[in-house]
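Below is the file model35.cif, which contains mmCIF, C-alpha atoms.
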```cif
data_model
#
loop_
_atom_site.label_atom_id
_atom_site.label_comp_id
_atom_site.auth_asym_id
_atom_site.auth_seq_id
_atom_site.Cartn_x
_atom_site.Cartn_y
_atom_site.Cartn_z
CA MET A 1 -184.70 75.58 16.77
CA SER A 2 -186.04 74.12 13.51
CA TRP A 3 -185.26 70.56 12.48
CA ARG A 4 -182.99 71.98 9.74
CA GLN A 5 -180.97 73.76 12.40
CA VAL A 6 -180.84 70.55 14.42
CA VAL A 7 -179.56 68.65 11.38
CA ALA A 8 -177.06 71.42 10.60
CA SER A 9 -175.86 71.35 14.19
CA LEU A 10 -175.47 67.58 14.10
CA ARG A 11 -173.67 67.77 10.77
CA GLY A 12 -171.40 70.36 12.36
CA ARG A 13 -170.68 67.92 15.14
CA PHE A 14 -169.87 65.18 12.69
CA GLY A 15 -167.83 67.60 10.61
CA GLY A 16 -165.90 68.47 13.73
CA ARG A 17 -165.35 64.80 14.27
CA GLU A 18 -163.86 64.49 10.80
CA ARG A 19 -161.53 67.42 11.49
CA ARG A 20 -160.52 65.85 14.78
CA SER A 21 -159.96 62.62 12.94
CA ASP A 22 -157.64 64.40 10.47
CA GLN A 23 -155.69 65.91 13.33
CA ASP A 24 -155.56 62.55 15.11
CA ILE A 25 -154.11 60.91 12.00
CA ASP A 26 -151.42 63.58 11.76
CA ASP A 27 -150.65 63.25 15.47
CA GLU A 28 -150.49 59.48 15.23
CA LEU A 29 -148.08 59.46 12.28
CA MET A 30 -145.91 62.19 13.80
CA PHE A 31 -145.72 60.27 17.05
CA HIS A 32 -144.42 57.27 15.11
CA LEU A 33 -141.77 59.32 13.32
CA ARG A 34 -140.61 60.94 16.56
CA GLU A 35 -140.28 57.58 18.30
CA SER A 36 -138.42 56.16 15.32
CA LEU A 37 -136.16 59.20 15.18
CA GLU A 38 -135.29 58.88 18.85
CA GLU A 39 -134.56 55.18 18.49
CA ARG A 40 -132.16 55.93 15.62
CA LEU A 41 -130.52 58.68 17.72
CA ASP A 42 -130.14 56.21 20.58
CA GLU A 43 -128.41 53.86 18.15
CA GLY A 44 -125.81 56.56 17.60
CA HIS A 45 -126.91 58.02 14.26
CA SER A 46 -126.34 61.70 13.62
CA PRO A 47 -129.58 63.76 13.64
CA ASP A 48 -129.61 63.97 9.82
CA ALA A 49 -128.91 60.28 9.35
CA ALA A 50 -131.45 59.37 12.03
CA TRP A 51 -134.15 61.42 10.31
CA SER A 52 -133.34 59.94 6.90
CA GLU A 53 -133.43 56.43 8.30
CA ALA A 54 -136.73 57.06 10.13
CA ARG A 55 -138.31 58.45 6.95
CA ALA A 56 -136.98 55.59 4.84
CA ARG A 57 -138.38 52.99 7.22
CA PHE A 58 -141.73 54.74 7.28
CA GLY A 59 -142.15 55.07 3.52
CA SER A 60 -144.48 57.66 2.07
CA LEU A 61 -145.96 59.83 4.79
CA VAL A 62 -148.44 61.43 2.39
CA SER A 63 -149.61 58.08 1.11
CA ALA A 64 -150.07 56.67 4.64
CA ALA A 65 -151.99 59.77 5.76
CA ASN A 66 -154.21 59.72 2.66
CA ASP A 67 -154.99 56.02 3.08
CA CYS A 68 -155.91 56.60 6.71
CA ARG A 69 -158.09 59.56 5.77
CA ARG A 70 -159.90 57.55 3.12
CA THR A 71 -160.73 54.92 5.72
CA ALA A 72 -161.83 57.57 8.22
CA SER A 73 -163.97 59.45 5.70
CA ALA A 74 -165.70 56.22 4.71
CA ARG A 75 -166.48 55.73 8.37
CA PHE A 76 -167.95 59.21 8.85
CA ALA A 77 -169.64 59.58 5.46
CA HIS A 78 -173.26 60.76 5.22
CA PRO A 79 -174.37 60.76 8.83
CA THR A 80 -178.13 60.61 9.09
CA LEU A 81 -180.20 62.19 11.81
CA LEU A 82 -181.08 58.73 13.08
CA ALA A 83 -177.42 57.75 13.20
CA ALA A 84 -176.61 60.94 15.07
CA LEU A 85 -179.38 60.30 17.60
CA LEU A 86 -178.23 56.72 18.00
CA ALA A 87 -174.69 57.97 18.57
CA SER A 88 -175.94 60.35 21.27
CA VAL A 89 -177.85 57.55 23.02
CA LEU A 90 -174.81 55.29 22.76
CA THR A 91 -172.62 58.03 24.20
CA LEU A 92 -174.91 58.30 27.22
CA VAL A 93 -174.94 54.53 27.68
CA LEU A 94 -171.17 54.32 27.32
CA GLY A 95 -170.73 57.19 29.77
CA TRP A 96 -172.79 55.27 32.31
CA LEU A 97 -170.75 52.14 31.63
CA VAL A 98 -167.50 54.05 32.14
CA ILE A 99 -168.76 55.24 35.53
CA GLU A 100 -169.70 51.67 36.43
CA VAL A 101 -166.35 50.30 35.29
CA ARG A 102 -164.51 52.98 37.25
CA ALA A 103 -166.48 52.10 40.36
CA LEU A 104 -165.60 48.45 39.78
CA ARG A 105 -161.98 49.47 39.28
CA SER A 106 -161.98 51.38 42.59
CA ASP A 107 -163.22 48.26 44.34
CA ARG A 108 -160.47 46.21 42.76
CA LEU A 109 -157.79 48.68 43.77
CA GLU A 110 -158.57 48.07 47.43
CA SER A 111 -157.55 44.43 47.09
CA GLY A 112 -154.55 44.96 44.78
CA ASN A 113 -150.84 44.45 45.37
CA ASP A 114 -148.52 46.97 46.97
CA LEU A 115 -146.11 49.16 45.09
CA SER A 116 -143.10 49.85 47.28
CA GLY A 117 -139.45 50.77 47.07
CA THR A 118 -136.49 52.69 48.41
CA ILE A 119 -134.87 55.93 47.30
CA LEU A 120 -131.13 56.17 47.99
CA ASP A 121 -128.46 58.72 47.22
CA TYR A 122 -125.34 58.01 45.18
CA ARG A 123 -123.52 56.82 48.34
CA GLY A 124 -126.32 54.40 49.21
CA ALA A 125 -127.71 56.54 52.05
CA PRO A 126 -131.52 56.78 52.26
CA ILE A 127 -133.18 59.92 50.97
CA ALA A 128 -136.09 61.10 53.10
CA ASP A 129 -138.94 63.27 51.78
CA ALA A 130 -138.41 62.29 48.16
CA GLN A 131 -141.53 62.77 46.06
CA VAL A 132 -142.53 59.50 44.41
CA LEU A 133 -144.91 60.18 41.54
CA VAL A 134 -146.70 57.19 40.10
CA VAL A 135 -148.90 57.00 37.03
CA LEU A 136 -150.79 53.75 36.72
CA LYS A 137 -152.21 52.76 33.34
CA THR A 138 -154.88 50.10 33.31
CA TRP A 139 -157.32 48.70 30.81
CA PRO A 140 -160.30 47.61 32.96
CA GLY A 141 -162.88 45.87 30.82
CA GLY A 142 -161.01 47.06 27.76
CA TRP A 143 -161.30 50.75 28.74
CA PHE A 144 -158.13 52.71 29.13
CA ARG A 145 -157.59 54.75 32.23
CA GLN A 146 -154.63 56.51 33.68
CA ASP A 147 -154.43 57.52 37.32
CA ALA A 148 -151.81 59.46 39.25
CA PHE A 149 -150.68 58.62 42.76
CA GLN A 150 -148.09 60.06 45.07
CA ALA A 151 -146.00 58.92 48.01
CA VAL A 152 -143.20 60.47 50.05
CA SER A 153 -140.20 58.48 51.21
CA ASP A 154 -139.68 58.12 54.96
CA ARG A 155 -136.39 58.53 56.86
CA HIS A 156 -135.32 55.11 55.64
CA GLY A 157 -135.92 56.20 52.07
CA SER A 158 -138.85 53.78 51.85
CA PHE A 159 -142.25 54.34 50.32
CA ARG A 160 -145.32 52.21 49.84
CA LEU A 161 -148.59 52.58 47.96
CA ALA A 162 -150.75 49.87 49.46
CA GLY A 163 -153.10 47.92 47.23
CA LEU A 164 -152.32 50.03 44.18
CA LEU A 165 -151.55 47.39 41.58
CA PRO A 166 -154.20 45.24 39.92
CA GLN A 167 -153.93 41.55 40.63
CA SER A 168 -154.68 40.64 37.05
CA GLY A 169 -154.91 42.11 33.57
CA GLN A 170 -152.60 44.40 31.67
CA PHE A 171 -151.20 47.41 33.48
CA ALA A 172 -148.23 49.74 33.31
CA VAL A 173 -146.45 51.75 35.98
CA GLN A 174 -144.53 54.96 35.44
CA LEU A 175 -142.68 55.88 38.63
CA SER A 176 -140.55 59.00 39.12
CA ALA A 177 -138.58 59.93 42.24
CA LEU A 178 -137.58 63.55 42.84
CA ARG A 179 -135.81 65.26 45.69
CA ASP A 180 -134.34 68.75 45.66
CA GLY A 181 -130.56 68.49 45.18
CA TYR A 182 -130.67 65.13 43.37
CA ALA A 183 -131.00 64.26 39.70
CA TRP A 184 -134.38 62.59 39.44
CA GLN A 185 -134.97 59.17 37.97
CA SER A 186 -137.89 57.21 36.67
CA ILE A 187 -138.78 53.70 35.62
CA TYR A 188 -141.53 52.34 33.37
CA GLN A 189 -142.78 48.80 33.61
CA LEU A 190 -145.46 47.19 31.50
CA HIS A 191 -147.17 44.04 32.71
CA GLU A 192 -148.75 42.14 29.88
CA SER A 193 -152.14 40.59 30.28
CA GLY A 194 -151.77 37.04 31.57
CA ALA A 195 -148.33 37.64 33.07
CA GLU A 196 -147.91 37.19 36.80
CA SER A 197 -148.80 40.49 38.48
CA ARG A 198 -145.67 40.79 40.56
CA PHE A 199 -143.88 44.05 41.01
CA GLU A 200 -140.55 43.80 42.79
CA PRO A 201 -139.76 46.65 45.21
CA VAL A 202 -138.10 49.49 43.36
CA THR A 203 -134.68 50.86 44.34
CA LEU A 204 -133.50 54.10 42.78
CA ARG A 205 -130.12 55.70 43.41
CA LEU A 206 -130.16 59.42 42.71
CA GLU A 207 -127.02 61.25 41.69
CA GLN A 208 -126.15 64.70 42.93
CA ALA A 209 -127.82 67.44 40.89
CA THR A 210 -126.37 70.63 39.54
CA THR A 211 -128.11 73.95 40.09
CA ILE A 212 -129.59 75.88 37.22
CA THR A 213 -131.52 79.10 37.31
CA LEU A 214 -134.07 79.68 34.60
CA SER A 215 -135.31 83.04 33.55
CA VAL A 216 -138.80 82.83 32.10
CA ARG A 217 -139.68 85.62 29.70
CA ASP A 218 -142.41 86.53 27.28
CA SER A 219 -141.88 87.14 23.58
CA HIS A 220 -140.84 90.72 24.30
CA GLY A 221 -138.13 89.66 26.74
CA ARG A 222 -140.08 90.75 29.81
CA PRO A 223 -139.84 88.53 32.93
CA LEU A 224 -142.87 86.34 33.58
CA PRO A 225 -143.55 85.99 37.32
CA HIS A 226 -145.73 83.27 38.89
CA VAL A 227 -145.25 80.84 36.01
CA ARG A 228 -145.61 77.19 36.92
CA LEU A 229 -142.93 74.75 35.77
CA THR A 230 -142.25 71.06 36.16
CA PRO A 231 -139.47 68.79 34.90
CA ALA A 232 -140.64 66.57 32.02
CA ALA A 233 -137.69 64.52 30.80
CA ARG A 234 -133.98 64.13 31.19
CA ARG A 235 -131.50 62.17 29.14
CA SER A 236 -128.23 61.67 30.96
CA ARG A 237 -124.78 61.66 29.38
CA GLN A 238 -124.85 57.88 29.77
CA GLY A 239 -127.99 57.76 27.61
CA ALA A 240 -130.50 56.91 30.35
CA SER A 241 -133.91 58.53 29.90
CA HIS A 242 -136.15 59.58 32.76
CA LEU A 243 -139.61 61.10 32.66
CA VAL A 244 -142.13 62.91 34.78
CA TYR A 245 -145.69 62.78 33.49
CA LEU A 246 -147.55 66.05 33.62
CA GLN A 247 -150.46 64.22 35.19
CA GLY A 248 -149.88 64.08 38.94
CA SER A 249 -146.80 66.30 38.80
CA GLU A 250 -148.28 69.00 41.07
CA PRO A 251 -146.11 68.08 44.11
CA VAL A 252 -142.94 68.99 42.18
CA HIS A 253 -144.16 72.16 40.49
CA GLU A 254 -141.94 75.20 40.84
CA ILE A 255 -143.20 78.77 40.40
CA SER A 256 -141.21 81.68 39.04
CA ASP A 257 -140.57 84.59 41.39
CA ALA A 258 -141.31 88.26 40.79
CA TRP A 259 -138.33 88.46 38.39
CA GLY A 260 -139.39 85.42 36.42
CA THR A 261 -136.59 83.23 37.78
CA ILE A 262 -136.79 79.64 38.92
CA THR A 263 -133.97 77.66 40.46
CA LEU A 264 -133.91 73.96 39.66
CA ARG A 265 -131.79 71.35 41.43
CA CYS A 266 -133.03 68.19 39.76
CA PHE A 267 -130.87 67.81 36.60
CA GLU A 268 -127.37 66.40 36.35
CA GLN A 269 -124.63 68.24 34.53
CA GLY A 270 -124.50 67.07 30.91
CA ASP A 271 -128.20 66.17 30.80
CA VAL A 272 -130.46 67.11 27.96
CA GLY A 273 -133.65 68.07 29.70
CA ASP A 274 -137.24 68.93 28.94
CA ILE A 275 -139.51 71.01 31.12
CA PHE A 276 -143.22 71.73 31.04
CA LEU A 277 -144.05 75.38 31.44
CA GLN A 278 -147.53 76.76 32.04
CA THR A 279 -148.13 80.00 30.21
CA PRO A 280 -150.22 82.82 31.72
CA ARG A 281 -153.03 81.55 29.47
CA GLY A 282 -152.93 78.22 31.29
CA GLU A 283 -151.49 76.18 28.41
CA TRP A 284 -148.61 73.82 29.03
CA GLU A 285 -145.61 74.04 26.73
CA ARG A 286 -142.67 71.70 26.50
CA HIS A 287 -139.18 73.22 26.23
CA SER A 288 -135.77 71.62 25.88
CA ILE A 289 -132.85 72.81 27.98
CA ALA A 290 -129.23 71.70 27.79
CA ILE A 291 -127.64 71.34 31.22
CA SER A 292 -124.00 72.12 30.58
CA ASP A 293 -121.20 73.96 32.36
CA GLU A 294 -120.75 76.48 29.56
CA ALA A 295 -120.65 80.04 30.75
CA THR A 296 -122.89 81.40 28.04
CA PRO A 297 -126.62 81.21 28.70
CA VAL A 298 -128.62 78.67 26.70
CA VAL A 299 -131.71 80.16 25.12
CA VAL A 300 -134.49 77.81 24.05
CA SER A 301 -137.25 79.26 21.93
CA ALA A 302 -140.78 77.99 22.39
CA ASN A 303 -141.00 76.42 18.95
CA SER A 304 -137.98 74.15 19.52
CA ASP A 305 -140.39 71.33 20.30
CA SER A 306 -143.32 72.09 18.08
CA GLU A 307 -145.25 68.90 18.76
CA GLU A 308 -146.56 69.96 22.15
CA VAL A 309 -146.20 73.69 21.71
CA ARG A 310 -149.31 75.39 20.39
CA ASP A 311 -148.01 78.93 20.64
CA LYS A 312 -144.72 80.54 21.45
CA PRO A 313 -145.17 83.36 23.90
CA THR A 314 -142.24 82.55 26.17
CA THR A 315 -138.51 82.11 26.15
CA VAL A 316 -136.63 80.10 28.73
CA GLU A 317 -133.10 81.15 29.37
CA ALA A 318 -130.67 79.32 31.61
CA VAL A 319 -128.79 82.22 33.15
CA ASP A 320 -126.72 80.74 35.93
CA ARG A 321 -125.32 77.42 36.97
CA GLY A 322 -123.67 76.29 40.10
CA MET B 1 -146.52 36.38 -16.32
CA PRO B 2 -147.87 36.59 -12.75
CA THR B 3 -149.62 39.82 -11.81
CA PRO B 4 -148.56 41.59 -8.61
CA GLU B 5 -152.13 41.48 -7.26
CA PRO B 6 -151.98 38.08 -5.48
CA LYS B 7 -148.72 39.01 -3.79
CA ALA B 8 -150.14 42.35 -2.59
CA SER B 9 -153.28 40.76 -1.18
CA LEU B 10 -151.21 38.04 0.47
CA LEU B 11 -149.03 40.67 2.13
CA GLN B 12 -152.04 42.67 3.23
CA GLY B 13 -153.67 39.61 4.74
CA SER B 14 -150.44 38.70 6.49
CA LEU B 15 -150.08 42.16 7.97
CA ASP B 16 -153.61 42.04 9.38
CA LEU B 17 -152.86 38.68 10.92
CA LEU B 18 -149.59 39.88 12.42
CA ILE B 19 -151.23 42.99 13.88
CA LEU B 20 -154.09 41.02 15.40
CA ARG B 21 -151.66 38.51 16.87
CA THR B 22 -149.51 41.28 18.37
CA LEU B 23 -152.55 42.84 20.01
CA MET B 24 -153.35 39.54 21.72
CA SER B 25 -150.86 40.53 24.43
CA GLY B 26 -152.65 43.80 25.18
CA SER B 27 -152.87 47.38 23.94
CA HIS B 28 -150.10 48.71 21.73
CA HIS B 29 -149.53 51.90 19.77
CA GLY B 30 -148.44 51.64 16.14
CA TYR B 31 -144.75 52.13 16.79
CA SER B 32 -144.73 49.47 19.48
CA ILE B 33 -146.41 47.05 17.03
CA THR B 34 -143.66 47.76 14.48
CA LYS B 35 -140.94 47.16 17.08
CA HIS B 36 -142.63 43.98 18.26
CA LEU B 37 -142.79 42.58 14.71
CA ARG B 38 -139.15 43.44 14.12
CA GLN B 39 -137.93 41.98 17.38
CA VAL B 40 -140.00 38.80 17.43
CA SER B 41 -139.16 38.03 13.79
CA GLU B 42 -135.50 38.76 14.59
CA GLU B 43 -135.45 41.64 12.09
CA PHE B 44 -136.68 39.36 9.30
CA LEU B 45 -140.05 41.03 8.85
CA GLN B 46 -139.38 44.54 7.58
CA VAL B 47 -142.85 46.00 7.29
CA GLU B 48 -142.90 49.41 5.68
CA GLU B 49 -143.95 51.29 8.78
CA GLY B 50 -146.29 53.69 7.02
CA SER B 51 -148.39 50.80 5.71
CA LEU B 52 -149.21 49.78 9.26
CA TYR B 53 -151.55 52.70 9.90
CA PRO B 54 -153.98 52.27 7.01
CA ALA B 55 -154.12 48.61 8.08
CA LEU B 56 -154.85 49.56 11.69
CA HIS B 57 -157.55 52.00 10.64
CA ARG B 58 -159.06 49.38 8.35
CA LEU B 59 -159.08 46.82 11.19
CA GLU B 60 -160.71 49.41 13.42
CA ARG B 61 -163.36 50.11 10.83
CA ARG B 62 -164.14 46.41 10.64
CA GLY B 63 -164.54 46.33 14.40
CA TRP B 64 -161.62 43.96 14.94
CA VAL B 65 -159.68 46.49 17.00
CA ASP B 66 -160.62 49.63 18.85
CA SER B 67 -158.46 52.52 19.90
CA HIS B 68 -157.94 55.13 22.57
CA TRP B 69 -155.48 57.93 23.21
CA GLY B 70 -153.08 57.63 26.11
CA THR B 71 -149.60 58.61 27.21
CA SER B 72 -146.73 56.58 25.82
CA GLU B 73 -143.72 55.37 27.78
CA SER B 74 -141.89 58.37 26.29
CA ASN B 75 -144.47 60.73 27.78
CA ARG B 76 -146.10 61.58 24.47
CA ARG B 77 -149.71 61.41 23.37
CA ALA B 78 -150.12 58.13 21.54
CA LYS B 79 -152.97 56.19 20.01
CA TYR B 80 -153.31 52.71 21.46
CA TYR B 81 -155.07 49.82 19.75
CA ARG B 82 -156.78 46.91 21.43
CA LEU B 83 -158.20 43.67 20.14
CA THR B 84 -162.01 43.41 20.35
CA ALA B 85 -163.99 40.21 20.88
CA LYS B 86 -164.76 40.27 17.15
CA GLY B 87 -161.05 40.69 16.46
CA ARG B 88 -160.20 37.64 18.58
CA LYS B 89 -162.57 35.54 16.53
CA GLN B 90 -161.11 36.94 13.34
CA LEU B 91 -157.62 36.13 14.57
CA GLN B 92 -158.65 32.50 15.00
CA VAL B 93 -160.05 32.46 11.47
CA GLU B 94 -156.98 34.12 9.96
CA THR B 95 -154.58 31.91 11.91
CA ALA B 96 -156.38 28.78 10.72
CA ALA B 97 -156.35 30.04 7.11
CA TRP B 98 -152.66 30.89 7.32
CA THR B 99 -151.79 27.50 8.82
CA LYS B 100 -153.69 25.73 6.05
CA MET B 101 -151.98 27.80 3.39
CA SER B 102 -148.48 27.32 4.79
CA GLN B 103 -149.09 23.58 5.13
CA ALA B 104 -150.26 23.46 1.53
CA ILE B 105 -147.17 25.35 0.36
CA GLU B 106 -144.96 23.07 2.41
CA ARG B 107 -146.59 20.02 0.85
CA VAL B 108 -145.90 21.40 -2.62
CA LEU B 109 -142.29 22.22 -1.75
CA ASN B 110 -141.69 18.78 -0.26
CA HIS B 111 -143.44 16.91 -3.01
CA ARG B 112 -141.28 14.28 -4.68
CA PRO B 113 -142.53 13.13 -8.07
CA ALA B 114 -142.91 9.40 -8.25
CA GLU B 115 -139.96 7.85 -10.06
CA ALA B 116 -140.78 6.28 -13.42
#
```

Let's see the structure in the file written out as structure tokens.
Amino acid sequence: MSWRQVVASLRGRFGGRERRSDQDIDDELMFHLRESLEERLDEGHSPDAAWSEARARFGSLVSAANDCRRTASARFAHPTLLAALLASVLTLVLGWLVIEVRALRSDRLESGNDLSGTILDYRGAPIADAQVLVVLKTWPGGWFRQDAFQAVSDRHGSFRLAGLLPQSGQFAVQLSALRDGYAWQSIYQLHESGAESRFEPVTLRLEQATTITLSVRDSHGRPLPHVRLTPAARRSRQGASHLVYLQGSEPVHEISDAWGTITLRCFEQGDVGDIFLQTPRGEWERHSIAISDEATPVVVSANSDSEEVRDKPTTVEAVDRG
Amino acid sequence: MPTPEPKASLLQGSLDLLILRTLMSGSHHGYSITKHLRQVSEEFLQVEEGSLYPALHRLERRGWVDSHWGTSESNRRAKYYRLTAKGRKQLQVETAAWTKMSQAIERVLNHRPAEA
């Protein structure tokens, strides 16, 4: 490979970085608008009013995106070969540092605080064998990392993840509890840096779930067997929001049968729910489903939540409810 | 007639200061910074939300903050910003400058001309 090809290749890499930067800016601004929109909806605005309010608060989207791009392009302008080589060396050094920091983090986890709690049903009786999915976000040495952990409740409904929580520094815990037949719940707690690292035992009371059967189909209406699915979010009629992160969700994955059907007993009647669905190509898509007692099936097309959806090969149809 | 330039630069400087101060408590994504400013100022500070991002990118370019992608509390991909060591120093500088300026303004406002 000639030096010109090397330079061209490096320029290609930097060009790719610029394109990624453009996409990142779009993603960042869209994330803001979505969060703002949801906050306005939570305040009781109609969808149209919520969107108008979110846009008004944001100001000019085009102007913000252009300003960000100008800053980014100034950062990436005219990369030299030397700069590219330096970046490669730095990447290697940083990679080594990340490994070191992770090793340090593993050591610290052994001497951390426990995360524990109890899962009860709506009558206050303990729920055994509930899946407790935990995602721990930490910023060791300024680096962000996100790890998934799992526990199962015992016959007393209790669970414990020993030594999981850092004794100092900023961290956040996302905890979801799921058990077949019960509407799952989650909590999210952020511990600011400098605050006392104390995490009170968690108690979650799960309501009885309704049964829904989903029929997973491709764009031609043909059933899709062996498709993996996991609950992603549910917003109850009372307005409470609960989440399951895709990371670490394997214990609660469901798989469609030979006719493309999956029965779910983890949503409550009246919920607005989201599910993650893995397409035959291995991509995860997010779909919204309304959990109601209407007799007519609810059909959700793949592009109903375009942020996470990269393609739309499938249709999810709620065909039966009990 | 006063030009709008001094006011714009004052606002820009203030926004940088407010962002840096917010990031003192740890990593935040842009929307969480906006909410924090609104809540802590008891809805008094109404920053046009779109102006936050060019400011964040500018601060990142100066090395005062760095960023990473993570999952937000709403389970979405979000860009988090964090104060760097250089940013902490800059925060001290900006805080001191702001304190001096507000004290100077207060002195002017409270000034009583000597009676003749």

Interatomic distance, CA of Cys266 in chain A to CA of Gln208 in chain A (Å, one decimal):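 Taking CA of Cys266 in chain A as the start and CA of Gln208 in chain A as the end point, the length is 8.3 Å.
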
Explicit residue set for the PyMOL selection byres ((chain B) within 12 of (chain A)), as a ChimeraX atom specification: /B:22-35,38,46-63,65-85

Write out, as a compact mmCIF listing (two decimals), in the coordinates of the input, the residues just selected, with C-alpha atoms.
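Listed below is the output, result-v9.txt:
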```txt
# COMPACT_ATOMS: atom_id res chain seq x y z
CA THR B 22 -149.51 41.28 18.37
CA LEU B 23 -152.55 42.84 20.01
CA MET B 24 -153.35 39.54 21.72
CA SER B 25 -150.86 40.53 24.43
CA GLY B 26 -152.65 43.80 25.18
CA SER B 27 -152.87 47.38 23.94
CA HIS B 28 -150.10 48.71 21.73
CA HIS B 29 -149.53 51.90 19.77
CA GLY B 30 -148.44 51.64 16.14
CA TYR B 31 -144.75 52.13 16.79
CA SER B 32 -144.73 49.47 19.48
CA ILE B 33 -146.41 47.05 17.03
CA THR B 34 -143.66 47.76 14.48
CA LYS B 35 -140.94 47.16 17.08
CA ARG B 38 -139.15 43.44 14.12
CA GLN B 46 -139.38 44.54 7.58
CA VAL B 47 -142.85 46.00 7.29
CA GLU B 48 -142.90 49.41 5.68
CA GLU B 49 -143.95 51.29 8.78
CA GLY B 50 -146.29 53.69 7.02
CA SER B 51 -148.39 50.80 5.71
CA LEU B 52 -149.21 49.78 9.26
CA TYR B 53 -151.55 52.70 9.90
CA PRO B 54 -153.98 52.27 7.01
CA ALA B 55 -154.12 48.61 8.08
CA LEU B 56 -154.85 49.56 11.69
CA HIS B 57 -157.55 52.00 10.64
CA ARG B 58 -159.06 49.38 8.35
CA LEU B 59 -159.08 46.82 11.19
CA GLU B 60 -160.71 49.41 13.42
CA ARG B 61 -163.36 50.11 10.83
CA ARG B 62 -164.14 46.41 10.64
CA GLY B 63 -164.54 46.33 14.40
CA VAL B 65 -159.68 46.49 17.00
CA ASP B 66 -160.62 49.63 18.85
CA SER B 67 -158.46 52.52 19.90
CA HIS B 68 -157.94 55.13 22.57
CA TRP B 69 -155.48 57.93 23.21
CA GLY B 70 -153.08 57.63 26.11
CA THR B 71 -149.60 58.61 27.21
CA SER B 72 -146.73 56.58 25.82
CA GLU B 73 -143.72 55.37 27.78
CA SER B 74 -141.89 58.37 26.29
CA ASN B 75 -144.47 60.73 27.78
CA ARG B 76 -146.10 61.58 24.47
CA ARG B 77 -149.71 61.41 23.37
CA ALA B 78 -150.12 58.13 21.54
CA LYS B 79 -152.97 56.19 20.01
CA TYR B 80 -153.31 52.71 21.46
CA TYR B 81 -155.07 49.82 19.75
CA ARG B 82 -156.78 46.91 21.43
CA LEU B 83 -158.20 43.67 20.14
CA THR B 84 -162.01 43.41 20.35
CA ALA B 85 -163.99 40.21 20.88
```

Arg237 in chain A surroundings by all atoms listed in the file, 9 Å radius, close-in-sequence under 3 positions cut, as a PyMOL selection string: chain A and resi 240+268-272

Å distance separating CA of Glu285 in chain A from CA of Ala50 in chain A, one decimal place: 25.1 Å

Evaluating the PyMOL selection byres ((chain A and resi 118-122) around 10) on the displayed file yields which residues, as a CSV table (one decimal) with C-alpha atoms, keeping the file's coordinate frame?
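Saved as result-v6.csv:
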```
chain,number,residue,atom,x,y,z
A,116,SER,CA,-143.1,49.8,47.3
A,117,GLY,CA,-139.4,50.8,47.1
A,123,ARG,CA,-123.5,56.8,48.3
A,124,GLY,CA,-126.3,54.4,49.2
A,125,ALA,CA,-127.7,56.5,52.0
A,126,PRO,CA,-131.5,56.8,52.3
A,127,ILE,CA,-133.2,59.9,51.0
A,128,ALA,CA,-136.1,61.1,53.1
A,129,ASP,CA,-138.9,63.3,51.8
A,130,ALA,CA,-138.4,62.3,48.2
A,131,GLN,CA,-141.5,62.8,46.1
A,132,VAL,CA,-142.5,59.5,44.4
A,152,VAL,CA,-143.2,60.5,50.0
A,153,SER,CA,-140.2,58.5,51.2
A,154,ASP,CA,-139.7,58.1,55.0
A,156,HIS,CA,-135.3,55.1,55.6
A,157,GLY,CA,-135.9,56.2,52.1
A,158,SER,CA,-138.8,53.8,51.8
A,159,PHE,CA,-142.2,54.3,50.3
A,160,ARG,CA,-145.3,52.2,49.8
A,177,ALA,CA,-138.6,59.9,42.2
A,178,LEU,CA,-137.6,63.6,42.8
A,179,ARG,CA,-135.8,65.3,45.7
A,182,TYR,CA,-130.7,65.1,43.4
A,183,ALA,CA,-131.0,64.3,39.7
A,185,GLN,CA,-135.0,59.2,38.0
A,201,PRO,CA,-139.8,46.6,45.2
A,202,VAL,CA,-138.1,49.5,43.4
A,203,THR,CA,-134.7,50.9,44.3
A,204,LEU,CA,-133.5,54.1,42.8
A,205,ARG,CA,-130.1,55.7,43.4
A,206,LEU,CA,-130.2,59.4,42.7
A,207,GLU,CA,-127.0,61.2,41.7
A,208,GLN,CA,-126.2,64.7,42.9
```

Residues near Val134 in chain A, cut-off 7 Å, all atoms listed in the file, skip fewer than 4 positions along chain, as a list in words: Ala148, Phe149, Gln150, Val173, Gln174, Leu175 and Ser176 of chain A

Interatomic distance (Å, one decimal) between CA of Gln278 in chain A and CA of Glu254 in chain A: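 These two atoms are separated by 10.5 Å.
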
So that all listed atoms of range 282-290 of chain A fit with 4 Å spare on each side, what axis-aligned box centre and edge lengths in Å, to one decimal, would you give as lines of an AutoDock Vina configuration file?
```
center_x = -141.1
center_y = 74.9
center_z = 28.6
size_x = 31.7
size_y = 14.6
size_z = 13.4
```

Answer as a list in words, residues within 8 Å of (-139.0, 83.8, 38.9) using only C-alpha atoms: Leu214, Ser215, Val216, Pro223, Leu224, Pro225, His226, Val227, Ile255, Ser256, Asp257, Ala258, Trp259, Gly260, Thr261 and Ile262 of chain A

For Gln92 in chain B: contacts at 10 Å, all atoms listed in the file, fewer than 5 positions along chain excluded, given as a list of chain:residue names: B:Leu17, B:Leu20, B:Arg21, B:Gly87, B:Ala97, B:Trp98
